[in-house]
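Raw contents of protein-v9.csv, CSV, C-alpha atoms:
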```csv
chain,number,residue,atom,x,y,z
A,285,MET,CA,178.8,69.9,-83.5
A,286,LYS,CA,180.7,66.7,-82.8
A,287,THR,CA,183.3,68.6,-80.8
A,288,ALA,CA,180.6,70.3,-78.7
A,289,ILE,CA,178.9,66.9,-78.0
A,290,TYR,CA,182.3,65.5,-77.0
A,291,PHE,CA,182.9,68.3,-74.6
A,292,ILE,CA,179.4,68.0,-73.1
A,293,LYS,CA,179.9,64.2,-72.6
A,294,HIS,CA,183.3,64.8,-71.1
A,295,LEU,CA,181.9,67.4,-68.8
A,296,LEU,CA,179.0,65.2,-67.6
A,297,THR,CA,181.5,62.3,-67.0
A,298,LEU,CA,183.7,64.6,-65.0
A,299,LEU,CA,180.8,66.0,-62.9
A,300,LEU,CA,179.5,62.4,-62.2
A,301,SER,CA,183.0,61.5,-61.1
A,302,LEU,CA,183.2,64.5,-58.8
A,303,ILE,CA,179.8,63.7,-57.3
A,304,ILE,CA,180.8,60.1,-56.7
A,305,ASN,CA,184.2,61.1,-55.2
A,306,SER,CA,182.6,63.7,-53.0
A,307,GLN,CA,180.2,61.1,-51.7
A,308,ILE,CA,183.0,58.7,-50.9
A,309,MET,CA,185.0,61.5,-49.2
A,310,ALA,CA,182.0,62.6,-47.3
A,311,HIS,CA,181.4,59.1,-46.0
A,312,ALA,CA,185.1,58.7,-45.1
A,313,SER,CA,184.9,62.1,-43.2
A,314,SER,CA,181.8,61.0,-41.3
A,315,GLN,CA,183.8,57.9,-40.2
A,316,GLY,CA,186.7,60.1,-39.0
A,317,LEU,CA,189.0,58.6,-41.7
A,318,GLN,CA,191.9,60.5,-43.2
A,319,HIS,CA,192.3,60.1,-47.0
A,320,THR,CA,194.8,60.8,-49.7
A,321,ALA,CA,194.4,60.1,-53.4
A,322,ILE,CA,196.8,57.6,-54.9
A,323,VAL,CA,197.7,59.0,-58.3
A,324,SER,CA,199.2,56.4,-60.7
A,325,ALA,CA,198.7,58.1,-64.0
A,326,HIS,CA,197.3,61.2,-65.8
A,327,GLU,CA,195.0,61.8,-68.7
A,328,TYR,CA,195.8,64.4,-71.3
A,329,THR,CA,193.9,66.1,-74.1
A,330,HIS,CA,195.4,67.7,-77.2
A,331,GLN,CA,194.0,69.1,-80.4
A,332,SER,CA,194.6,66.7,-83.3
A,333,SER,CA,195.1,68.2,-86.7
A,334,VAL,CA,194.6,64.7,-88.3
A,335,PHE,CA,191.2,64.1,-86.7
A,336,LYS,CA,190.3,67.8,-86.4
A,337,GLN,CA,189.1,67.3,-82.9
A,338,PRO,CA,190.5,66.9,-79.3
A,339,ARG,CA,192.0,63.5,-78.7
A,340,ARG,CA,192.9,62.0,-75.3
A,341,PHE,CA,195.8,59.9,-74.1
A,342,MET,CA,196.9,58.6,-70.7
A,343,VAL,CA,200.4,58.3,-69.4
A,344,SER,CA,201.9,56.2,-66.5
A,345,LEU,CA,205.5,56.9,-65.7
A,346,PRO,CA,207.9,54.3,-64.3
A,347,GLU,CA,209.1,54.4,-60.7
A,348,ARG,CA,212.1,56.7,-60.1
A,349,TYR,CA,211.2,58.5,-63.4
A,350,TYR,CA,212.2,61.9,-61.9
A,351,ALA,CA,215.3,60.7,-60.2
A,352,SER,CA,217.6,61.0,-63.2
A,353,ASP,CA,217.8,62.0,-66.9
A,354,ARG,CA,217.3,58.4,-67.9
A,355,HIS,CA,215.1,57.7,-71.0
A,356,PHE,CA,212.8,54.7,-71.0
A,357,PRO,CA,211.1,52.3,-73.5
A,358,THR,CA,207.5,53.1,-74.1
A,359,LEU,CA,204.5,50.8,-74.4
A,360,TYR,CA,201.5,52.1,-76.3
A,361,ILE,CA,198.2,50.4,-75.6
A,362,ILE,CA,195.1,50.9,-77.9
A,363,ASP,CA,191.6,51.3,-76.5
A,364,ALA,CA,192.9,53.0,-73.3
A,365,ASP,CA,189.6,53.6,-71.6
A,366,PHE,CA,189.2,49.8,-71.4
A,367,GLN,CA,192.8,48.7,-71.3
A,368,PHE,CA,195.0,51.3,-69.7
A,369,GLN,CA,194.7,50.8,-66.0
A,370,HIS,CA,195.4,47.1,-65.8
A,371,VAL,CA,198.2,47.4,-68.4
A,372,SER,CA,200.0,50.2,-66.7
A,373,ALA,CA,199.6,48.5,-63.3
A,374,LEU,CA,201.0,45.2,-64.6
A,375,VAL,CA,204.0,46.9,-66.3
A,376,LYS,CA,204.8,48.8,-63.1
A,377,HIS,CA,204.5,45.7,-61.0
A,378,LEU,CA,206.7,43.5,-63.3
A,379,ALA,CA,209.3,46.3,-63.4
A,380,ARG,CA,209.3,46.6,-59.6
A,381,MET,CA,209.7,42.8,-59.2
A,382,GLY,CA,212.6,42.7,-61.7
A,383,LYS,CA,210.8,40.9,-64.5
A,384,LEU,CA,210.8,43.7,-67.0
A,385,PRO,CA,212.7,46.9,-67.7
A,386,PRO,CA,210.8,50.1,-66.4
A,387,MET,CA,208.6,51.5,-69.1
A,388,ILE,CA,206.5,54.5,-69.9
A,389,VAL,CA,202.9,53.3,-70.6
A,390,VAL,CA,200.8,55.4,-73.0
A,391,GLY,CA,197.1,54.7,-73.4
A,392,ILE,CA,195.7,55.7,-76.8
A,393,ALA,CA,192.1,56.6,-76.1
A,394,ASN,CA,189.3,56.2,-78.5
A,395,GLN,CA,186.1,58.3,-78.7
A,396,GLY,CA,183.6,55.5,-78.0
A,397,ASP,CA,182.6,52.3,-79.8
A,398,ASP,CA,182.1,53.8,-83.3
A,399,ASP,CA,185.4,55.5,-83.3
A,400,TYR,CA,187.1,52.4,-82.0
A,401,LEU,CA,185.6,50.2,-84.8
A,402,TYR,CA,186.4,52.8,-87.4
A,403,THR,CA,190.0,53.6,-86.5
A,404,THR,CA,191.2,50.0,-86.0
A,405,THR,CA,190.1,48.7,-89.4
A,406,TRP,CA,190.8,49.4,-93.1
A,407,ALA,CA,188.3,50.2,-95.7
A,408,THR,CA,185.7,47.7,-96.9
A,409,GLU,CA,182.2,48.0,-98.3
A,410,ASP,CA,180.9,48.7,-94.9
A,411,LYS,CA,181.4,52.4,-94.1
A,412,ALA,CA,181.6,51.7,-90.4
A,413,PHE,CA,185.2,50.6,-91.1
A,414,GLY,CA,188.1,52.2,-92.8
A,415,GLY,CA,190.0,54.6,-90.5
A,416,ALA,CA,193.2,52.6,-89.9
A,417,ALA,CA,195.3,54.7,-92.2
A,418,GLU,CA,194.1,57.9,-90.6
A,419,PHE,CA,194.7,56.4,-87.1
A,420,HIS,CA,198.2,55.3,-88.1
A,421,HIS,CA,198.9,58.8,-89.5
A,422,TYR,CA,197.8,60.3,-86.2
A,423,LEU,CA,200.1,58.0,-84.2
A,424,THR,CA,203.1,58.5,-86.5
A,425,GLY,CA,202.8,62.2,-87.1
A,426,GLU,CA,201.2,63.5,-83.9
A,427,LEU,CA,201.0,61.3,-80.8
A,428,VAL,CA,204.4,59.6,-80.8
A,429,PRO,CA,206.3,62.8,-81.6
A,430,LEU,CA,204.3,64.5,-78.8
A,431,ILE,CA,205.2,61.8,-76.3
A,432,ASN,CA,208.9,62.0,-77.4
A,433,LYS,CA,208.8,65.8,-76.8
A,434,GLU,CA,207.0,65.8,-73.4
A,435,PHE,CA,208.4,62.6,-71.8
A,436,LYS,CA,211.7,60.9,-71.5
A,437,SER,CA,211.2,58.1,-74.0
A,438,ASN,CA,213.9,56.3,-75.9
A,439,SER,CA,213.9,54.7,-79.3
A,440,GLN,CA,212.3,51.5,-78.1
A,441,LYS,CA,208.5,51.7,-78.7
A,442,ALA,CA,206.1,48.8,-78.5
A,443,LEU,CA,202.4,48.8,-79.6
A,444,ALA,CA,199.9,46.5,-77.9
A,445,GLY,CA,196.3,45.9,-78.7
A,446,TYR,CA,193.5,43.4,-77.9
A,447,SER,CA,190.7,42.3,-80.2
A,448,LEU,CA,190.2,45.0,-82.8
A,449,GLY,CA,193.1,46.8,-81.2
A,450,GLY,CA,195.1,43.6,-81.9
A,451,LEU,CA,194.1,43.8,-85.5
A,452,PHE,CA,195.3,47.3,-85.7
A,453,THR,CA,198.6,46.3,-84.0
A,454,LEU,CA,199.1,43.8,-86.9
A,455,TYR,CA,198.2,46.5,-89.4
A,456,SER,CA,200.7,48.9,-87.9
A,457,MET,CA,203.4,46.2,-88.1
A,458,MET,CA,202.8,46.0,-91.8
A,459,GLN,CA,203.4,49.8,-92.4
A,460,GLN,CA,206.9,50.7,-93.5
A,461,ASP,CA,206.8,54.0,-91.6
A,462,SER,CA,205.6,52.6,-88.3
A,463,PRO,CA,207.1,54.3,-85.3
A,464,PHE,CA,207.0,51.1,-83.3
A,465,ASN,CA,209.6,48.3,-83.2
A,466,ALA,CA,207.8,45.6,-81.2
A,467,TYR,CA,204.2,44.4,-81.2
A,468,LEU,CA,201.8,42.6,-78.9
A,469,ALA,CA,198.5,41.5,-80.4
A,470,MET,CA,196.2,39.8,-78.0
A,471,SER,CA,193.3,37.8,-79.6
A,472,PRO,CA,193.5,40.0,-82.8
A,473,SER,CA,190.3,40.2,-84.8
A,474,ALA,CA,191.9,38.4,-87.8
A,475,TRP,CA,188.5,37.4,-89.1
A,476,PHE,CA,188.0,41.0,-90.4
A,477,ASP,CA,187.8,41.5,-94.2
A,478,ASP,CA,187.4,37.8,-94.9
A,479,TYR,CA,190.6,36.8,-92.9
A,480,SER,CA,192.8,38.9,-95.3
A,481,VAL,CA,195.3,40.0,-92.7
A,482,ALA,CA,197.0,36.5,-92.7
A,483,SER,CA,197.7,36.7,-96.5
A,484,LYS,CA,198.9,40.3,-96.2
A,485,LEU,CA,201.3,39.3,-93.5
A,486,GLU,CA,202.5,36.2,-95.4
A,487,SER,CA,203.3,38.3,-98.4
A,488,LEU,CA,205.5,40.6,-96.4
A,489,LEU,CA,207.1,37.7,-94.6
A,490,GLN,CA,208.0,36.1,-97.9
A,491,LYS,CA,209.7,39.3,-99.0
A,492,ASN,CA,211.5,39.5,-95.6
A,493,LYS,CA,209.8,42.9,-94.9
A,494,LEU,CA,209.0,42.3,-91.3
A,495,SER,CA,211.8,42.5,-88.7
A,496,ALA,CA,210.2,43.7,-85.4
A,497,PRO,CA,209.4,41.2,-82.6
A,498,LEU,CA,205.8,40.1,-82.5
A,499,PHE,CA,203.8,38.2,-79.8
A,500,PHE,CA,200.2,37.2,-80.7
A,501,SER,CA,197.7,35.0,-79.1
A,502,VAL,CA,194.2,33.4,-79.2
A,503,ALA,CA,191.8,32.1,-76.5
A,504,ARG,CA,189.1,29.5,-76.7
A,505,GLU,CA,187.5,31.4,-79.6
A,506,GLU,CA,185.9,30.2,-82.9
A,507,ASP,CA,186.6,31.7,-86.3
A,508,MET,CA,189.0,34.4,-85.0
A,509,GLY,CA,191.4,33.7,-87.9
A,510,VAL,CA,194.5,33.9,-85.6
A,511,ASP,CA,195.3,30.3,-86.6
A,512,LYS,CA,195.8,31.5,-90.1
A,513,VAL,CA,198.2,34.2,-89.0
A,514,ALA,CA,200.1,31.6,-87.0
A,515,ALA,CA,200.3,29.3,-90.0
A,516,ALA,CA,201.6,32.2,-92.2
A,517,PHE,CA,204.4,32.9,-89.7
A,518,ALA,CA,205.3,29.2,-89.3
A,519,ALA,CA,205.5,28.8,-93.1
A,520,SER,CA,207.2,32.1,-94.1
A,521,ALA,CA,209.0,33.8,-91.2
A,522,ASP,CA,212.7,34.1,-91.5
A,523,ASN,CA,214.6,32.3,-88.8
A,524,SER,CA,216.0,35.5,-87.5
A,525,LEU,CA,212.6,37.0,-86.8
A,526,GLN,CA,211.6,37.0,-83.2
A,527,TRP,CA,207.9,35.9,-82.9
A,528,GLN,CA,205.7,33.9,-80.6
A,529,PHE,CA,202.2,32.6,-80.9
A,530,LYS,CA,200.4,31.3,-77.7
A,531,SER,CA,197.0,29.7,-77.2
A,532,TYR,CA,194.9,30.0,-74.1
A,533,PRO,CA,192.3,27.2,-74.2
A,534,THR,CA,191.0,27.9,-70.7
A,535,GLU,CA,190.3,31.5,-71.4
A,536,ASN,CA,187.6,33.2,-73.5
A,537,HIS,CA,187.8,36.3,-75.6
A,538,PHE,CA,187.0,38.6,-72.6
A,539,THR,CA,189.3,36.9,-70.0
A,540,THR,CA,192.4,36.4,-72.1
A,541,ALA,CA,193.6,40.0,-72.4
A,542,LEU,CA,195.5,40.1,-69.1
A,543,PRO,CA,197.2,36.7,-69.1
A,544,ALA,CA,198.2,37.2,-72.8
A,545,LEU,CA,199.5,40.6,-72.0
A,546,TYR,CA,201.6,39.2,-69.1
A,547,ASP,CA,203.1,36.6,-71.5
A,548,GLY,CA,203.6,39.2,-74.2
A,549,LEU,CA,205.6,41.5,-71.9
A,550,GLN,CA,207.7,38.5,-70.8
A,551,PHE,CA,208.3,37.8,-74.5
A,552,LEU,CA,209.9,41.2,-74.7
A,553,ALA,CA,212.2,40.5,-71.8
A,554,PRO,CA,212.9,36.7,-71.6
A,555,ASN,CA,214.8,35.5,-68.6
A,556,TYR,CA,215.1,39.0,-67.3
A,557,ALA,CA,214.4,38.1,-63.7
A,558,THR,CA,217.6,36.9,-62.0
A,559,ASP,CA,217.7,36.5,-58.3
A,560,GLY,CA,220.7,35.7,-56.0
A,561,THR,CA,220.1,32.0,-56.2
A,562,ASP,CA,220.1,32.1,-60.0
A,563,MET,CA,223.4,34.0,-59.9
A,564,LEU,CA,225.0,31.4,-57.6
A,565,ALA,CA,224.1,28.8,-60.2
A,566,ILE,CA,225.6,30.9,-63.0
A,567,GLY,CA,229.0,31.0,-61.4
A,568,ASP,CA,231.5,33.7,-60.4
A,569,TYR,CA,230.9,37.5,-60.8
A,570,GLN,CA,232.4,37.5,-64.2
A,571,ALA,CA,229.9,34.9,-65.5
A,572,VAL,CA,227.1,36.8,-63.8
A,573,ILE,CA,228.1,40.1,-65.5
A,574,LYS,CA,228.3,38.3,-68.8
A,575,HIS,CA,224.8,37.0,-68.2
A,576,PHE,CA,223.5,40.5,-67.7
A,577,GLN,CA,225.4,41.6,-70.8
A,578,THR,CA,223.2,39.2,-72.8
A,579,LEU,CA,220.1,40.9,-71.5
A,580,GLN,CA,221.4,44.2,-72.8
A,581,LYS,CA,220.7,42.9,-76.3
A,582,GLN,CA,217.0,42.4,-75.7
A,583,TRP,CA,214.3,44.8,-76.9
A,584,GLY,CA,214.2,46.8,-73.7
A,585,GLY,CA,217.9,46.6,-72.9
A,586,PHE,CA,219.1,46.1,-69.3
A,587,GLN,CA,220.6,48.0,-66.5
A,588,PHE,CA,220.5,47.3,-62.8
A,589,GLU,CA,217.4,48.4,-61.0
A,590,TRP,CA,217.0,48.4,-57.3
A,591,LEU,CA,216.0,44.7,-57.1
A,592,GLN,CA,218.8,43.5,-59.4
A,593,ALA,CA,221.3,45.6,-57.4
A,594,TYR,CA,220.0,44.2,-54.1
A,595,GLN,CA,220.1,40.6,-55.4
A,596,PHE,CA,223.6,41.1,-56.8
A,597,ALA,CA,224.9,42.4,-53.5
A,598,LYS,CA,223.3,39.4,-51.7
A,599,TYR,CA,224.9,37.1,-54.2
A,600,LEU,CA,228.4,38.6,-53.6
A,601,PHE,CA,228.0,37.9,-49.8
A,602,TRP,CA,226.6,34.4,-50.3
A,603,SER,CA,229.4,33.5,-52.8
A,604,LYS,CA,232.1,35.1,-50.5
A,605,GLN,CA,233.3,37.4,-53.3
A,606,VAL,CA,233.1,40.6,-51.2
A,607,ASP,CA,236.9,40.7,-50.9
A,608,LYS,CA,236.9,41.4,-54.7
A,609,VAL,CA,234.4,44.3,-54.4
A,610,ASP,CA,236.7,46.9,-55.9
A,611,GLU,CA,237.4,44.9,-59.1
A,612,ILE,CA,233.7,43.9,-59.2
A,613,LEU,CA,232.6,47.5,-59.2
A,614,ALA,CA,235.2,48.4,-61.8
A,615,ALA,CA,233.8,45.6,-64.0
A,616,ILE,CA,230.2,46.9,-63.4
A,617,GLU,CA,231.3,50.5,-64.3
A,618,GLN,CA,232.9,49.2,-67.5
A,619,SER,CA,229.8,47.2,-68.7
A,620,PHE,CA,227.0,49.1,-66.9
A,621,PRO,CA,228.3,52.7,-66.2
A,622,GLU,CA,224.8,53.9,-65.4
A,623,SER,CA,224.4,51.2,-62.7
A,624,VAL,CA,227.6,51.5,-60.7
A,625,THR,CA,226.0,53.9,-58.1
A,626,ILE,CA,223.0,51.8,-57.4
A,627,VAL,CA,225.1,48.6,-57.1
A,628,SER,CA,227.6,50.4,-54.9
A,629,ILE,CA,224.8,51.5,-52.6
A,630,GLU,CA,223.5,48.0,-52.2
A,631,ILE,CA,226.9,46.6,-51.5
A,632,ALA,CA,227.5,49.3,-48.9
A,633,LYS,CA,224.2,48.5,-47.3
A,634,GLY,CA,225.3,44.8,-46.9
A,635,LEU,CA,228.7,45.9,-45.5
A,636,LEU,CA,227.0,48.1,-42.9
A,637,ILE,CA,224.8,45.2,-41.8
A,638,LYS,CA,227.9,43.1,-41.4
A,639,GLY,CA,229.6,45.9,-39.4
A,640,ASP,CA,232.3,46.7,-42.0
A,641,ASN,CA,231.5,50.4,-41.7
A,642,GLN,CA,234.6,51.9,-43.0
A,643,HIS,CA,234.6,49.8,-46.2
A,644,ALA,CA,231.0,50.8,-46.8
A,645,LYS,CA,231.9,54.5,-46.4
A,646,THR,CA,234.8,54.1,-48.8
A,647,ILE,CA,232.5,52.6,-51.5
A,648,LEU,CA,229.9,55.3,-51.0
A,649,GLU,CA,232.5,58.1,-51.3
A,650,LYS,CA,233.7,56.7,-54.6
A,651,VAL,CA,230.2,57.4,-56.1
A,652,LYS,CA,229.6,60.6,-54.3
A,653,LEU,CA,229.1,62.8,-57.4
A,654,GLU,CA,226.1,60.9,-58.5
A,655,GLY,CA,225.2,59.5,-55.1
A,656,GLU,CA,224.5,62.9,-53.6
A,657,GLN,CA,221.4,63.0,-55.8
A,658,SER,CA,220.2,59.6,-54.5
A,659,PRO,CA,217.9,59.2,-51.5
A,660,ASN,CA,219.3,55.7,-50.9
A,661,TRP,CA,222.9,56.9,-50.9
A,662,HIS,CA,222.0,59.4,-48.1
A,663,LYS,CA,220.2,56.7,-46.2
A,664,GLN,CA,223.3,54.5,-46.1
A,665,LEU,CA,225.5,57.4,-45.1
A,666,SER,CA,223.0,58.2,-42.3
A,667,LEU,CA,223.3,54.6,-41.1
A,668,TYR,CA,227.1,54.9,-41.2
A,669,TYR,CA,227.2,58.0,-39.1
A,670,LYS,CA,224.7,56.6,-36.7
A,671,ALA,CA,226.8,53.5,-36.2
A,672,ASN,CA,229.8,55.7,-35.5
A,673,GLY,CA,227.9,57.8,-33.0
A,674,ASP,CA,227.6,61.0,-35.1
A,675,GLU,CA,223.8,61.7,-34.6
A,676,LYS,CA,224.0,65.1,-36.1
A,677,LYS,CA,225.4,64.0,-39.5
A,678,ALA,CA,223.2,60.9,-39.4
A,679,GLN,CA,220.1,63.1,-39.1
A,680,LEU,CA,221.3,65.5,-41.8
A,681,HIS,CA,221.6,62.7,-44.3
A,682,PHE,CA,218.4,61.1,-43.3
A,683,GLU,CA,216.5,64.4,-43.8
A,684,LYS,CA,218.3,64.8,-47.2
A,685,ALA,CA,217.1,61.3,-48.2
A,686,LEU,CA,213.5,62.1,-47.4
A,687,ALA,CA,213.7,65.5,-49.2
A,688,LEU,CA,215.0,63.9,-52.4
A,689,ALA,CA,212.5,61.1,-52.2
A,690,ASP,CA,209.7,63.7,-52.1
A,691,LYS,CA,211.3,65.7,-54.9
A,692,TYR,CA,211.5,62.6,-57.1
A,693,GLN,CA,208.0,61.6,-56.2
A,694,PHE,CA,209.1,58.2,-54.9
A,695,GLU,CA,206.4,55.6,-54.4
A,696,SER,CA,205.1,55.1,-50.8
A,697,TRP,CA,206.9,51.8,-50.3
A,698,GLU,CA,210.2,53.4,-51.1
A,699,ILE,CA,209.6,56.3,-48.8
A,700,TRP,CA,208.7,54.0,-45.9
A,701,GLU,CA,211.8,51.9,-46.5
A,702,LEU,CA,213.9,55.0,-46.2
A,703,LYS,CA,212.1,55.8,-42.9
```
Before anything else, please render the file you have as structure tokens.
Amino acid sequence: MKTAIYFIKHLLTLLLSLIINSQIMAHASSQGLQHTAIVSAHEYTHQSSVFKQPRRFMVSLPERYYASDRHFPTLYIIDADFQFQHVSALVKHLARMGKLPPMIVVGIANQGDDDYLYTTTWATEDKAFGGAAEFHHYLTGELVPLINKEFKSNSQKALAGYSLGGLFTLYSMMQQDSPFNAYLAMSPSAWFDDYSVASKLESLLQKNKLSAPLFFSVAREEDMGVDKVAAAFAASADNSLQWQFKSYPTENHFTTALPALYDGLQFLAPNYATDGTDMLAIGDYQAVIKHFQTLQKQWGGFQFEWLQAYQFAKYLFWSKQVDKVDEILAAIEQSFPESVTIVSIEIAKGLLIKGDNQHAKTILEKVKLEGEQSPNWHKQLSLYYKANGDEKKAQLHFEKALALADKYQFESWEIWELK
């Protein structure tokens, strides 16, 4: 019966969405406007053997996900119908701007308020609570293995939740078989069960049973109990434990989720953003590479994305170290073998701008094996041949760049940069 009701509700929601979308499209058509859907994520449904009903989840993939066999950290967010869209958008934006490693974002959907209340809490005298163990079993035994199977996730898995979702995040952290190894709890409902979560955590801290990084926060809220959690960590956390508590006195319970999430994500990747000016202050290329090596030790690791490669190339020109480019690329290949192609492309781009065309071509040829699968590699070769008057080869590489960008489902900003 419940399954039938669920499908009816889901069907009605879908029909309403189609009606609204058709009205929007009809209005746009009447105005002579062309329209294309911007798809940033997908919702999936699977049959859960734990819950004995269909359960939903959402997935947002990082940019350039399809461009290689690379596996990514995963951020799971509870209460996805309410939280997923702004969380996935923020993660993608921070990764694009070089403040965070690219991540897969998985939204764990609940089946309405009653289900949310039940699955995020442990048993008390009130029967509305009590499903946390079942929910944990579902995540551990079903959803996380499913994501691992269907998507390119690596071993780094963070769980994030807000309010009761934050409470469950703390609960999950206390479970010895938790599949997660980092936690973000925004304004967790630590008042639940007579504030007992603080003492539960303190007991585990005293036994040195908690080792994963934890960020938790509270807004301008009364009687949330988060202060008790903070006191437990301050009194009993081992010095080696990475944790941070932050208060937001100008936010309330409903406005704090986004700023707290932003800070929580930065907690996972402190000092990750490094632009060319920062690199100049660090010193020569060896010191800069050493700086990036320290970032490899963070929860999400580090490798050069497009922005870091672009900034690093600018830094080399600014600091007049381009004459050492061969030894620099050798050092990059030794410490960051997965990044040598993208760094080479950005250095070649700078050389082409400076008119050092043959040097740029030499660098691009050295990474040809991997570069042939990169739209940006073909773009720089196109520019090289154009500068040398070979329009036929220039056009060939330009068309190959666009074809690969389409194959890899590049974002619109990257496609237009190629054009």
| field | Near-range 573-580 of chain A list (8 Å; all atoms listed in the file; drop same-chain fewer than 6 positions) as a ChimeraX atom specification | value | /A:553,556,586-587,616,619
Counting all atoms listed in the file, what are the residues of range 525-613 of chain A within 9 Å of range 627-641 of chain A, and for each of them which pair of atoms is the nearest and at what distance in Å, to one decimal? Sort the table by chain and rising number, as a Markdown table.
```
| residue | atom | partner | partner_atom | distance |
| --- | --- | --- | --- | --- |
| A:Phe588 | CA | A:Val627 | CA | 7.4 |
| A:Glu589 | CA | A:Val627 | CA | 8.6 |
| A:Trp590 | CA | A:Val627 | CA | 8.1 |
| A:Gln592 | CA | A:Val627 | CA | 8.4 |
| A:Ala593 | CA | A:Val627 | CA | 4.9 |
| A:Tyr594 | CA | A:Glu630 | CA | 5.5 |
| A:Gln595 | CA | A:Glu630 | CA | 8.7 |
| A:Phe596 | CA | A:Val627 | CA | 7.7 |
| A:Ala597 | CA | A:Ile631 | CA | 5.1 |
| A:Lys598 | CA | A:Gly634 | CA | 7.5 |
| A:Leu600 | CA | A:Ile631 | CA | 8.4 |
| A:Phe601 | CA | A:Gly634 | CA | 8.0 |
| A:Val606 | CA | A:Ile631 | CA | 8.6 |
| A:Val609 | CA | A:Ile631 | CA | 8.4 |
| A:Leu613 | CA | A:Ser628 | CA | 7.2 |
```
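Reported to one decimal place, the separation of CA of Thr408 in chain A from CA of Ala469 in chain A is 21.8 Å.
Using all atoms listed in the file for every distance, the candidate list A:Ala393, A:Gly450, A:His537, A:Lys383 yields A:Lys383 as the residue closest to Phe551 in chain A.
Going from CA of Ala644 in chain A to CA of Phe694 in chain A covers 24.5 Å.
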| A:Phe419, A:Tyr599, A:Phe682, A:Phe435: which is nearest Ser332 in chain A, counting only C-alpha atoms? | A:Phe419
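Nearest residue to Phe476 in chain A, choosing from A:Leu448, A:Glu409, A:Phe366, A:Glu611 and counting all atoms listed in the file: A:Leu448.
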| request: Quick one: everything within 6 Å of Asn536 in chain A, counting only C-alpha atoms, minus sequence neighbours fewer than 4 positions away in the same chain. Send it as a ChimeraX atom specification. | output: /A:503-504,540
Emit the selected residues as a PDB file, keeping the file's coordinate frame, including C-alpha atoms.
```pdb
ATOM      1  CA  ALA A 503     191.800  32.100 -76.500  1.00  0.00           C
ATOM      2  CA  ARG A 504     189.100  29.500 -76.700  1.00  0.00           C
ATOM      3  CA  THR A 540     192.400  36.400 -72.100  1.00  0.00           C
TER       4      THR A 540
END
```
| field | Proximity to Tyr360 in chain A - best of A:Met458, A:Leu378, A:Ala444, A:Ile322, only C-alpha atoms | value | A:Ala444
| Any idea what the distance is between CA of Ile647 in chain A and CA of Met387 in chain A? | 29.7 Å
| Which residue, A:Phe500, A:Tyr546, A:Phe517, A:Tyr692, has the smallest gap to Ser658 in chain A when you use all atoms listed in the file? | A:Tyr692
| Closest of A:Asp559, A:Glu617, A:Asp397, A:Glu434 to Leu591 in chain A - atom-to-atom distances counting only C-alpha atoms | A:Asp559
